[in-house]
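> Provided herewith: target.txt, compact mmCIF, C-alpha atoms and all ligand atoms.
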# COMPACT_ATOMS: atom_id res chain seq x y z
CA MET L 41 4.58 -22.87 35.46
CA LYS L 42 2.09 -22.38 32.66
CA THR L 43 3.83 -20.79 29.69
CA THR L 44 1.31 -21.21 26.89
CA MET L 45 -2.45 -21.18 26.53
CA GLY L 46 -2.27 -24.14 24.16
CA ASN L 47 -1.85 -24.19 20.40
CA GLY L 48 1.44 -22.28 20.81
CA PHE L 49 -0.14 -19.01 21.96
CA PRO L 50 2.04 -17.43 24.69
CA ALA L 51 0.39 -16.73 28.05
CA THR L 52 2.60 -13.73 28.81
CA ALA L 53 4.58 -11.08 26.93
CA ALA L 54 7.72 -12.31 28.71
CA HIS L 55 7.19 -15.82 27.36
CA TRP L 56 6.49 -14.43 23.89
CA LEU L 57 9.81 -12.55 23.95
CA ALA L 58 11.68 -15.53 25.41
CA THR L 59 10.52 -17.90 22.66
CA LEU L 60 11.22 -15.52 19.76
CA PRO L 61 14.89 -16.53 19.18
CA THR L 62 14.01 -20.24 19.37
CA ASP L 63 11.09 -19.89 16.94
CA PHE L 64 13.18 -17.86 14.52
CA LEU L 65 16.16 -20.24 14.66
CA ALA L 66 13.91 -23.30 14.19
CA SER L 67 12.33 -21.73 11.07
CA LEU L 68 15.72 -20.62 9.75
CA THR L 69 17.29 -24.05 10.30
CA THR L 70 14.43 -25.84 8.52
CA ALA L 71 14.46 -23.37 5.62
CA GLY L 72 18.26 -23.52 5.35
CA ALA L 73 18.35 -27.32 5.33
CA VAL L 74 15.61 -27.74 2.71
CA LEU L 75 16.95 -24.89 0.56
CA GLY L 76 20.46 -26.33 0.74
CA VAL L 77 19.36 -29.74 -0.55
CA ALA L 78 17.13 -28.19 -3.24
CA ILE L 79 19.85 -25.81 -4.49
CA ALA L 80 22.34 -28.70 -4.70
CA ILE L 81 19.86 -30.69 -6.86
CA GLU L 82 19.08 -27.64 -9.03
CA ALA L 83 22.80 -27.15 -9.70
CA ARG L 84 23.03 -30.65 -11.21
CA VAL L 85 19.98 -30.59 -13.53
CA PRO L 86 18.79 -27.00 -13.96
CA HIS L 87 16.23 -26.08 -16.58
CA ALA L 88 17.99 -22.75 -17.15
CA ARG L 89 20.99 -21.10 -15.55
CA ALA L 90 20.19 -17.79 -13.89
CA PRO L 91 21.93 -14.78 -15.48
CA SER L 92 23.32 -14.02 -12.01
CA ALA L 93 22.76 -14.97 -8.38
CA LYS L 94 21.24 -11.52 -7.75
CA HIS L 95 17.58 -12.55 -7.71
CA ALA L 96 18.21 -15.66 -5.56
CA TRP L 97 20.22 -13.58 -3.09
CA PHE L 98 17.35 -11.06 -2.98
CA ASN L 99 14.84 -13.84 -2.22
CA VAL L 100 17.07 -15.29 0.51
CA ARG L 101 17.52 -11.88 2.18
CA TYR L 102 13.76 -11.31 1.98
CA MET L 103 13.19 -14.77 3.49
CA PHE L 104 15.41 -13.83 6.41
CA ALA L 105 13.41 -10.64 7.08
CA MET L 106 10.11 -12.50 6.65
CA LEU L 107 11.10 -15.23 9.12
CA VAL L 108 11.89 -12.56 11.74
CA LEU L 109 8.45 -11.01 11.21
CA LEU L 110 6.73 -14.40 11.32
CA ALA L 111 8.49 -15.32 14.58
CA LEU L 112 7.24 -12.02 16.01
CA LEU L 113 3.67 -12.24 14.78
CA ARG L 114 2.83 -15.96 14.53
CA PRO L 115 1.77 -16.21 18.21
CA PHE L 116 -0.93 -13.60 17.56
CA ALA L 117 -2.16 -15.46 14.47
CA LEU L 118 -2.27 -18.65 16.56
CA GLY L 119 -4.24 -16.74 19.19
CA VAL L 120 -6.88 -15.81 16.61
CA ALA L 121 -6.94 -19.43 15.40
CA LEU L 122 -7.37 -20.67 18.96
CA GLY L 123 -10.21 -18.19 19.55
CA ILE L 124 -12.01 -19.36 16.43
CA THR L 125 -11.75 -23.07 17.27
CA GLN L 126 -12.78 -22.48 20.89
CA THR L 127 -15.78 -20.40 19.81
CA LEU L 128 -16.99 -22.77 17.10
CA GLY L 129 -15.90 -25.97 18.82
CA GLY L 130 -13.49 -28.39 17.23
CA GLY L 131 -13.43 -32.00 16.11
CA TRP L 132 -16.86 -32.65 14.57
CA VAL L 133 -15.46 -35.70 12.74
CA THR L 134 -13.47 -38.30 14.69
CA PHE L 135 -11.44 -41.27 13.48
CA ARG L 136 -10.96 -44.88 14.57
CA GLU L 137 -8.18 -45.85 16.96
CA GLY L 138 -5.03 -47.40 15.53
CA ALA L 139 -3.03 -47.22 12.33
CA ALA L 140 -6.03 -47.41 9.99
CA GLY L 141 -7.69 -44.45 11.72
CA TRP L 142 -4.42 -42.50 11.58
CA CYS L 143 -4.14 -43.07 7.83
CA GLU L 144 -7.79 -42.04 7.30
CA ALA L 145 -7.18 -38.86 9.31
CA PHE L 146 -4.01 -38.13 7.34
CA ALA L 147 -5.85 -38.48 4.02
CA ALA L 148 -8.82 -36.39 5.20
CA VAL L 149 -6.66 -33.55 6.59
CA LEU L 150 -4.38 -33.55 3.54
CA LEU L 151 -7.29 -33.36 1.07
CA THR L 152 -9.16 -30.70 3.06
CA THR L 153 -6.09 -28.53 3.57
CA ASP L 154 -5.21 -28.77 -0.11
CA LEU L 155 -8.76 -27.82 -1.12
CA LEU L 156 -8.63 -24.78 1.20
CA GLU L 157 -5.24 -23.81 -0.26
CA TYR L 158 -6.71 -24.07 -3.76
CA LEU L 159 -9.73 -21.90 -2.90
CA PHE L 160 -7.60 -19.31 -1.09
CA HIS L 161 -5.26 -19.14 -4.10
CA ARG L 162 -8.26 -18.56 -6.39
CA ALA L 163 -9.34 -15.74 -4.06
CA GLN L 164 -5.84 -14.23 -4.22
CA HIS L 165 -6.24 -13.87 -7.98
CA ARG L 166 -9.87 -12.73 -7.74
CA PHE L 167 -9.92 -10.00 -5.09
CA ALA L 168 -7.77 -6.85 -5.38
CA VAL L 169 -6.85 -6.69 -1.70
CA LEU L 170 -5.43 -10.23 -1.79
CA TRP L 171 -3.86 -9.86 -5.24
CA ARG L 172 -1.84 -6.81 -4.10
CA MET L 173 -0.10 -9.11 -1.60
CA HIS L 174 0.14 -12.18 -3.85
CA GLU L 175 1.56 -10.12 -6.72
CA LEU L 176 4.93 -10.10 -4.94
CA HIS L 177 5.18 -13.87 -5.49
CA HIS L 178 4.39 -13.43 -9.19
CA SER L 179 6.88 -10.57 -9.64
CA ALA L 180 9.86 -12.94 -9.87
CA THR L 181 11.37 -13.36 -13.34
CA HIS L 182 13.58 -16.36 -12.65
CA TYR L 183 12.16 -19.69 -11.51
CA ASP L 184 14.03 -21.44 -8.71
CA VAL L 185 13.46 -22.76 -5.22
CA THR L 186 14.17 -19.40 -3.52
CA LEU L 187 10.99 -18.10 -5.17
CA GLY L 188 9.08 -20.32 -2.76
CA TYR L 189 9.91 -17.80 -0.01
CA ARG L 190 8.92 -14.72 -2.00
CA HIS L 191 5.46 -14.45 -0.43
CA PHE L 192 4.17 -11.29 1.21
CA TRP L 193 4.69 -11.88 4.95
CA LEU L 194 1.04 -11.28 5.88
CA GLU L 195 -0.21 -14.17 3.72
CA PRO L 196 1.05 -17.06 5.92
CA LEU L 197 -0.32 -15.23 8.98
CA ILE L 198 -3.77 -14.89 7.38
CA LYS L 199 -3.74 -18.61 6.58
CA THR L 200 -2.63 -19.53 10.11
CA ALA L 201 -5.30 -17.33 11.69
CA LEU L 202 -8.27 -17.91 9.40
CA LEU L 203 -7.75 -20.81 7.00
CA TYR L 204 -6.12 -23.70 8.86
CA PRO L 205 -8.44 -23.51 11.93
CA LEU L 206 -11.23 -24.66 9.61
CA VAL L 207 -9.51 -28.05 9.38
CA GLY L 208 -9.31 -28.24 13.20
CA ILE L 209 -13.00 -27.36 13.48
CA VAL L 210 -14.03 -30.22 11.20
CA PHE L 211 -11.60 -32.98 12.24
CA LYS L 212 -10.39 -34.32 15.58
CA THR L 213 -7.07 -35.72 14.44
CA PRO L 214 -4.73 -38.24 16.11
CA THR L 215 -1.30 -37.09 17.31
CA GLY L 216 1.20 -36.48 14.56
CA VAL L 217 -1.26 -36.09 11.69
CA GLY L 218 -0.96 -32.29 11.54
CA MET L 219 2.84 -32.44 11.56
CA ALA L 220 2.95 -35.18 8.88
CA VAL L 221 0.62 -33.21 6.60
CA GLY L 222 2.67 -30.06 7.24
CA MET L 223 5.85 -31.88 6.16
CA VAL L 224 4.22 -32.99 2.91
CA PHE L 225 3.23 -29.40 2.07
CA LEU L 226 6.65 -28.06 3.10
CA VAL L 227 8.50 -30.45 0.79
CA ASN L 228 5.99 -29.99 -2.03
CA HIS L 229 6.17 -26.18 -1.86
CA HIS L 230 9.94 -26.29 -2.31
CA VAL L 231 9.90 -28.96 -5.03
CA ALA L 232 7.18 -27.17 -7.05
CA HIS L 233 9.36 -24.04 -7.34
CA MET L 234 12.59 -25.80 -8.29
CA ASN L 235 14.52 -24.92 -11.41
CA LEU L 236 14.65 -28.44 -12.83
CA ARG L 237 14.91 -29.84 -16.32
CA PHE L 238 12.24 -32.41 -15.56
CA SER L 239 9.07 -33.18 -17.45
CA PRO L 240 7.18 -36.24 -16.22
CA ARG L 241 5.78 -38.24 -19.11
CA ARG L 242 3.49 -40.25 -16.85
CA PHE L 243 1.55 -39.28 -13.74
CA THR L 244 1.70 -35.60 -14.84
CA LEU L 245 -1.47 -34.90 -12.92
CA LEU L 246 -0.71 -36.87 -9.75
CA VAL L 247 1.01 -34.10 -7.76
CA SER L 248 2.16 -30.58 -8.60
CA HIS L 249 5.72 -30.41 -9.95
CA PRO L 250 8.02 -27.60 -11.20
CA GLN L 251 6.82 -27.61 -14.80
CA TYR L 252 3.17 -27.72 -13.69
CA HIS L 253 3.41 -24.83 -11.19
CA ARG L 254 5.70 -22.83 -13.49
CA LEU L 255 2.74 -22.44 -15.86
CA HIS L 256 0.85 -20.68 -13.08
CA HIS L 257 3.67 -18.09 -12.99
CA SER L 258 3.54 -17.58 -16.77
CA ARG L 259 3.96 -14.08 -18.18
CA HIS L 260 1.70 -14.97 -21.12
CA ALA L 261 -1.97 -13.98 -20.86
CA ALA L 262 -3.11 -17.28 -22.42
CA ASP L 263 -1.82 -19.11 -19.33
CA TYR L 264 -3.36 -16.81 -16.71
CA ASN L 265 -5.62 -18.33 -14.07
CA ARG L 266 -4.39 -21.87 -14.62
CA ASN L 267 -2.83 -24.49 -12.33
CA PHE L 268 -3.80 -22.99 -8.97
CA CYS L 269 -3.34 -26.17 -6.95
CA ASP L 270 -0.84 -26.38 -4.13
CA LEU L 271 -0.35 -30.15 -4.01
CA LEU L 272 -2.98 -32.02 -6.04
CA PRO L 273 -3.85 -31.14 -9.68
CA LEU L 274 -7.11 -32.93 -8.90
CA TRP L 275 -8.58 -29.54 -7.85
CA ASP L 276 -7.60 -27.90 -11.14
CA VAL L 277 -9.34 -30.75 -12.95
CA VAL L 278 -12.48 -30.50 -10.77
CA PHE L 279 -12.77 -26.68 -11.03
CA GLY L 280 -11.71 -26.40 -14.69
CA THR L 281 -8.45 -24.48 -14.22
CA LEU L 282 -6.07 -27.12 -15.55
CA HIS L 283 -3.35 -26.48 -18.12
CA ARG L 284 -1.54 -29.75 -18.69
CA PRO L 285 2.05 -28.88 -19.67
CA ARG L 286 3.48 -30.23 -22.90
CA PRO L 287 6.79 -32.09 -22.48
CA ASP L 288 8.83 -29.12 -23.81
CA GLU L 289 6.74 -26.35 -22.22
CA PHE L 290 8.82 -24.22 -19.84
CA VAL L 291 7.23 -20.76 -20.03
CA GLU L 292 8.72 -17.35 -19.30
CA ILE L 293 7.54 -16.14 -15.89
CA GLY L 294 6.74 -12.76 -14.32
CA LEU L 295 4.24 -9.91 -14.56
CA ASP L 296 3.19 -8.13 -17.74
CA SER L 297 3.86 -4.84 -15.96
CA HIS L 298 7.43 -5.94 -15.07
CA ALA L 299 6.75 -4.58 -11.57
CA ALA L 300 9.30 -5.85 -9.06
CA PRO L 301 10.51 -4.77 -5.62
CA ARG L 302 13.63 -2.57 -5.70
CA SER L 303 14.73 -3.35 -2.15
CA ILE L 304 13.87 -5.60 0.80
CA GLY L 305 11.94 -2.68 2.33
CA ASP L 306 10.00 -2.39 -0.91
CA ALA L 307 9.08 -6.09 -0.74
CA LEU L 308 8.09 -5.88 2.95
CA LEU L 309 5.75 -2.96 2.13
CA TRP L 310 4.80 -4.30 -1.31
CA PRO L 311 0.99 -3.76 -1.42
CA TRP L 312 1.31 -0.11 -0.34
CA ARG L 313 4.50 0.74 -2.27
CA ARG L 314 3.13 -0.88 -5.42
CA GLU L 315 -0.13 1.02 -5.20
CA SER L 316 1.45 4.43 -4.51
CA ARG L 317 3.91 3.89 -7.38
CA ALA L 318 1.07 2.96 -9.75
CA SER L 319 -0.87 6.03 -8.60
CA SER L 320 2.01 8.46 -9.07
CA ALA L 321 2.79 7.01 -12.51
CA ALA L 322 -0.75 7.69 -13.65
CA SER L 323 -2.19 11.12 -14.33
CA GLY L 324 -5.66 12.15 -13.17
CA PRO L 325 -8.08 10.38 -10.84
CA ALA L 326 -9.49 7.97 -13.41
CA ALA L 327 -6.06 6.88 -14.58
CA THR L 328 -4.88 6.54 -10.96
CA ALA L 329 -7.70 4.19 -10.05
CA GLU L 330 -7.12 2.21 -13.22
CA ALA L 331 -3.40 1.88 -12.55
CA ALA L 332 -3.98 0.76 -8.97
CA VAL L 333 -5.86 -2.33 -10.08
CA SER L 334 -4.00 -2.92 -13.31
CA GLY L 335 -2.06 -5.86 -11.91
CA LEU L 336 -5.26 -7.65 -10.98
CA ALA L 337 -6.78 -6.97 -14.39
CA GLU L 338 -3.72 -8.55 -15.99
CA ARG L 339 -4.40 -11.79 -14.19
CA ARG L 340 -8.16 -11.97 -14.54
ZN ZN V 1 -0.84 -17.24 -7.89
ZN ZN V 2 4.55 -20.18 -6.91
Could you render the structure as structure tokens?
Ligand SMILES: [Zn+2]
Ligand SMILES: [Zn+2]

Amino acid sequence: MKTTMGNGFPATAAHWLATLPTDFLASLTTAGAVLGVAIAIEARVPHARAPSAKHAWFNVRYMFAMLVLLALLRPFALGVALGITQTLGGGWVTFREGAAGWCEAFAAVLLTTDLLEYLFHRAQHRFAVLWRMHELHHSATHYDVTLGYRHFWLEPLIKTALLYPLVGIVFKTPTGVGMAVGMVFLVNHHVAHMNLRFSPRRFTLLVSHPQYHRLHHSRHAADYNRNFCDLLPLWDVVFGTLHRPRPDEFVEIGLDSHAAPRSIGDALLWPWRRESRASSAASGPAATAEAAVSGLAERR
């Protein structure tokens, strides 16, 4: 019996419903395992102890709600991705057979995905509609691995539907390449957000690390629009957005406005709640419009 149309998109509503618990549990198990290891490491060599576990507990509860939503909606994002690749055709560039070809494909997909991540992140800080979502990630005031899950739930769906298919359009990749690249980004995303007292003296610009990405979360205007890369600082060097951290540089993080979600519901509806709150706090139409985009202005 055919249960999917390929690329994970369910052929029927019944199949979609049947796979929901499995998808959710798989995501939860992966997140729980990686978070568990990361939290154990953070406990041994933290950069700073959190005043309480409140913020981490908030991020974990939000993660739980987000994973439910992603299990529900990911098949539709995959459907859009599948439609795009089928319409435009996939695999313009092919690779040699064998181990050498596999390694070339791995390097090509990794570099291309990381470049797309970099450009999308620049767009998130450039365009108001994307910043309203991304602002949730920047609203955290304590830096630790749970922050890696504090992303507005629509963002990973947008990437799945519109960003990652571009890689599939360009490259015809051997089996296992996509999964291997995905694992690298998964581990890197967790490591980059860890609360670690670690400042590499050498190879600072080889891959992103906690001190490097922490600067991107800085509350200080002088650090805004720096260190956008996901994995490779190479892109920050190429596009002129690099801030090389000094050995003792562990900046305060958060938003100038101190805006932060007050509940999980608030976080799940962040772009709309944030805007209506900014509007009601302002007086008069001009002030309302100004307040609505104030967060973006802070980061430009
Ligand atoms: Zn950002
Ligand atoms: Zn971050």
> What does the distance from atom CA of His257 of chain L to atom CA of Ser179 of chain L come to in Å, to one decimal?
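These two atoms are separated by 8.8 Å.
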> Output as a Markdown table one row per residue of chain L within 8 Å of ligand ZN 1 (chain V): the closest atom pair and its distance in Å to one decimal place, counting all atoms listed in the file, sorted by chain and residue number ascending.

| residue | atom | partner | partner_atom | distance |
| --- | --- | --- | --- | --- |
| L:His161 | CA | V:ZN1 | ZN | 6.1 |
| L:Arg162 | CA | V:ZN1 | ZN | 7.7 |
| L:Gln164 | CA | V:ZN1 | ZN | 6.9 |
| L:His165 | CA | V:ZN1 | ZN | 6.4 |
| L:His174 | CA | V:ZN1 | ZN | 6.5 |
| L:Glu175 | CA | V:ZN1 | ZN | 7.6 |
| L:His177 | CA | V:ZN1 | ZN | 7.3 |
| L:His178 | CA | V:ZN1 | ZN | 6.6 |
| L:His256 | CA | V:ZN1 | ZN | 6.5 |
| L:His257 | CA | V:ZN1 | ZN | 6.9 |
| L:Asn265 | CA | V:ZN1 | ZN | 7.9 |
| L:Phe268 | CA | V:ZN1 | ZN | 6.6 |
> Would you work out the distance separating atom CA of Val149 of chain L from atom CA of Gly130 of chain L, expressed in Å to one decimal?
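Taking atom CA of Val149 of chain L and atom CA of Gly130 of chain L, their separation equals 13.7 Å.
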> Restricting the calculation to only C-alpha atoms and all ligand atoms, which member of L:Leu272, L:Leu197, L:Leu246, L:Val185 is positioned closest to ligand ZN 2 (chain V)?
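Distance minimum relative to ligand ZN 2 (chain V) lands on L:Val185.
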> Need to verify the contact set: segment 227-238 of chain L, 8 Å, all atoms listed in the file, exclusion of same-chain residues closer than 5 positions in sequence. Can you return it as a compact mmCIF listing (two decimals) with C-alpha atoms, in the coordinates of the input?

# COMPACT_ATOMS: atom_id res chain seq x y z
CA VAL L 74 15.61 -27.74 2.71
CA LEU L 75 16.95 -24.89 0.56
CA ALA L 78 17.13 -28.19 -3.24
CA GLU L 82 19.08 -27.64 -9.03
CA VAL L 85 19.98 -30.59 -13.53
CA PRO L 86 18.79 -27.00 -13.96
CA HIS L 87 16.23 -26.08 -16.58
CA ALA L 88 17.99 -22.75 -17.15
CA TYR L 183 12.16 -19.69 -11.51
CA ASP L 184 14.03 -21.44 -8.71
CA VAL L 185 13.46 -22.76 -5.22
CA THR L 186 14.17 -19.40 -3.52
CA LEU L 187 10.99 -18.10 -5.17
CA GLY L 188 9.08 -20.32 -2.76
CA SER L 248 2.16 -30.58 -8.60
CA HIS L 249 5.72 -30.41 -9.95
CA PRO L 250 8.02 -27.60 -11.20
CA GLN L 251 6.82 -27.61 -14.80
CA TYR L 252 3.17 -27.72 -13.69
CA HIS L 253 3.41 -24.83 -11.19
CA ARG L 254 5.70 -22.83 -13.49
CA ASP L 270 -0.84 -26.38 -4.13
CA LEU L 271 -0.35 -30.15 -4.01
